Amino acid sequence: MAALDESSSSKRWLPLEANPDVMNQFLWGLGLREDEAECFDVYGLDLELLDMVPKPVLAVLFLYPLTSQSEEERILQANEKKETSNRVYFMKQTVGNACGTIGLLHAVGNLTSELKLVEESFLDRFFKTTATMDPSERAAYLEKDTEMEVAHSVAATAGETEASDNVDTHFICFSCVDGELYELDGRKTGPISHGPSSPSSLLQDAAKVIQSMIEKNPSSLNFNVIAISKKTEGAF
């Protein structure tokens with residue numbers, strides 16, 4: 001959430017709290033149907049705790065601290081040539097502290113064929129309008145959208161902790177698209193592939209990547225993992 005690329009605007013939002021209840025109200029208010037999907041805490045990355053997460057998991061959000069090492073890796077990845085599926089919905093982040101919202105948009109944007117959105121809701125209109133845009137155009141569109149800015153502000157102040165724009169943590173999203181696990185981070189130049197995956201193994205595959213990221217910063221406890229799970233009749 002802290003630093004952005006040099007082309008970024010000076011606009012800053014308050015950060016979203018890593019709180020499933022806040023994210024649920026935010027998504028449902030923007031047009032994700034309540035009977036379609038819900039956010040849940042992931043309490044740990046070992047198999048027993050992953051098994052507790054309601055299935056099927058559609059996307060995984062990860063909040064982690066920004067460090068000099070993570071910034072160095074981001075710059076190195078920017079110089080790598082990447083081949084990604086053109087079906088991956090990806091957008092850049094140009095608004096400070098918008099990474100929670102960007103993460104949720106990445107999650108839903110790669111699930112528009114699986115999730116029912118309320119007709120003419122914000123999310124329905126946003127994804128239809130930005131479908132053919134490139135990542136930078138999507139960022140510019142979001143930056144100018146006052147409806148989303150207001151909704152984000154309401155959600156950011158609904159958490160259990162006092163909202164502050166002085167943060168050094170960052171949200172990213174993991175999604176499975178065309179049988180591949182993608183890390184979607186609006187501060188990077190594009191999606192990062194982490195190899196083969198499937199809807200049934202998405203949570204476990206994302207957990208392995210997340211575990212390796214945590215191991216690079218063992219002194220920090222400032223990590224949160226949230227799963228977005230599809231609601232199925234009688235599932236929970």
# chains A, B, ... in the order shown; residues from 1 in each chain; ligands from 1
>>> select_by_dssp(residues="stretch 62-118 of chain A", states="strand (DSSP E)", output="ChimeraX atom specification")
/A:62-65
>>> write_last_selection(atoms="N, CA and C atoms", output="tab-separated table (two decimals), in the first residue's frame")
chain	number	residue	atom	x	y	z
A	62	PHE	N	-4.02	-11.94	0.12
A	62	PHE	CA	-2.90	-12.04	1.05
A	62	PHE	C	-2.41	-10.64	1.37
A	63	LEU	N	-2.35	-10.33	2.67
A	63	LEU	CA	-1.82	-9.05	3.15
A	63	LEU	C	-0.46	-9.31	3.77
A	64	TYR	N	0.55	-8.58	3.31
A	64	TYR	CA	1.91	-8.79	3.81
A	64	TYR	C	2.64	-7.46	3.94
A	65	PRO	N	3.70	-7.42	4.76
A	65	PRO	CA	4.44	-6.16	4.94
A	65	PRO	C	5.37	-5.89	3.76
>>> residues_around(residues="A:Val53", least_positions_apart="2", cutoff="9 Å", atoms="only C-alpha atoms", output="count of residues only")
13
>>> residues_around(residues="stretch 37-39 of chain A", least_positions_apart="3", cutoff="8 Å", atoms="only C-alpha atoms", output="number ranges by chain")
A: 20-21, 23-24, 32-34, 115, 226-231
>>> atom_distance(atom1="atom CA of A:Arg125", atom2="atom CA of A:Lys11")
22.9 Å
>>> atom_distance(atom1="atom CA of A:Ala140", atom2="atom CA of A:Asn86")
20.1 Å
>>> residues_around(residues="stretch 177-179 of chain A", least_positions_apart="5", cutoff="6 Å", atoms="only C-alpha atoms", output="list in words")
Pro196, Ser197 and Ser198 of chain A
>>> write_last_selection(atoms="all heavy atoms", output="CSV table (one decimal), in the first residue's frame")
chain,number,residue,atom,x,y,z
A,196,PRO,N,1.0,-24.6,-12.6
A,196,PRO,CA,-0.4,-25.2,-12.8
A,196,PRO,C,-1.2,-25.2,-11.5
A,196,PRO,O,-0.6,-25.3,-10.4
A,196,PRO,CB,0.0,-26.7,-13.2
A,196,PRO,CG,1.4,-26.6,-13.7
A,196,PRO,CD,2.1,-25.5,-12.9
A,197,SER,N,-2.5,-25.1,-11.6
A,197,SER,CA,-3.4,-25.1,-10.5
A,197,SER,C,-4.8,-25.5,-11.0
A,197,SER,O,-4.9,-25.7,-12.2
A,197,SER,CB,-3.5,-23.7,-9.8
A,197,SER,OG,-4.2,-23.8,-8.7
A,198,SER,N,-5.7,-25.6,-10.1
A,198,SER,CA,-7.1,-25.9,-10.5
A,198,SER,C,-8.0,-25.3,-9.5
A,198,SER,O,-7.6,-25.0,-8.4
A,198,SER,CB,-7.3,-27.5,-10.6
A,198,SER,OG,-7.2,-28.0,-9.3
>>> residues_around(residues="A:Thr67", least_positions_apart="6", cutoff="9 Å", atoms="only C-alpha atoms", output="PyMOL selection string")
chain A and resi 168-169+217
>>> closest_residue(among="A:Leu30, A:His106, A:Ser121, A:Ala156", to="A:Ala139", atoms="only C-alpha atoms")
A:His106
>>> select_by_dssp(residues="stretch 45-178 of chain A", states="helix (DSSP H, G or I)", output="PyMOL selection string")
chain A and resi 47-51+68-78+99-109+122-130+135-143+146-156
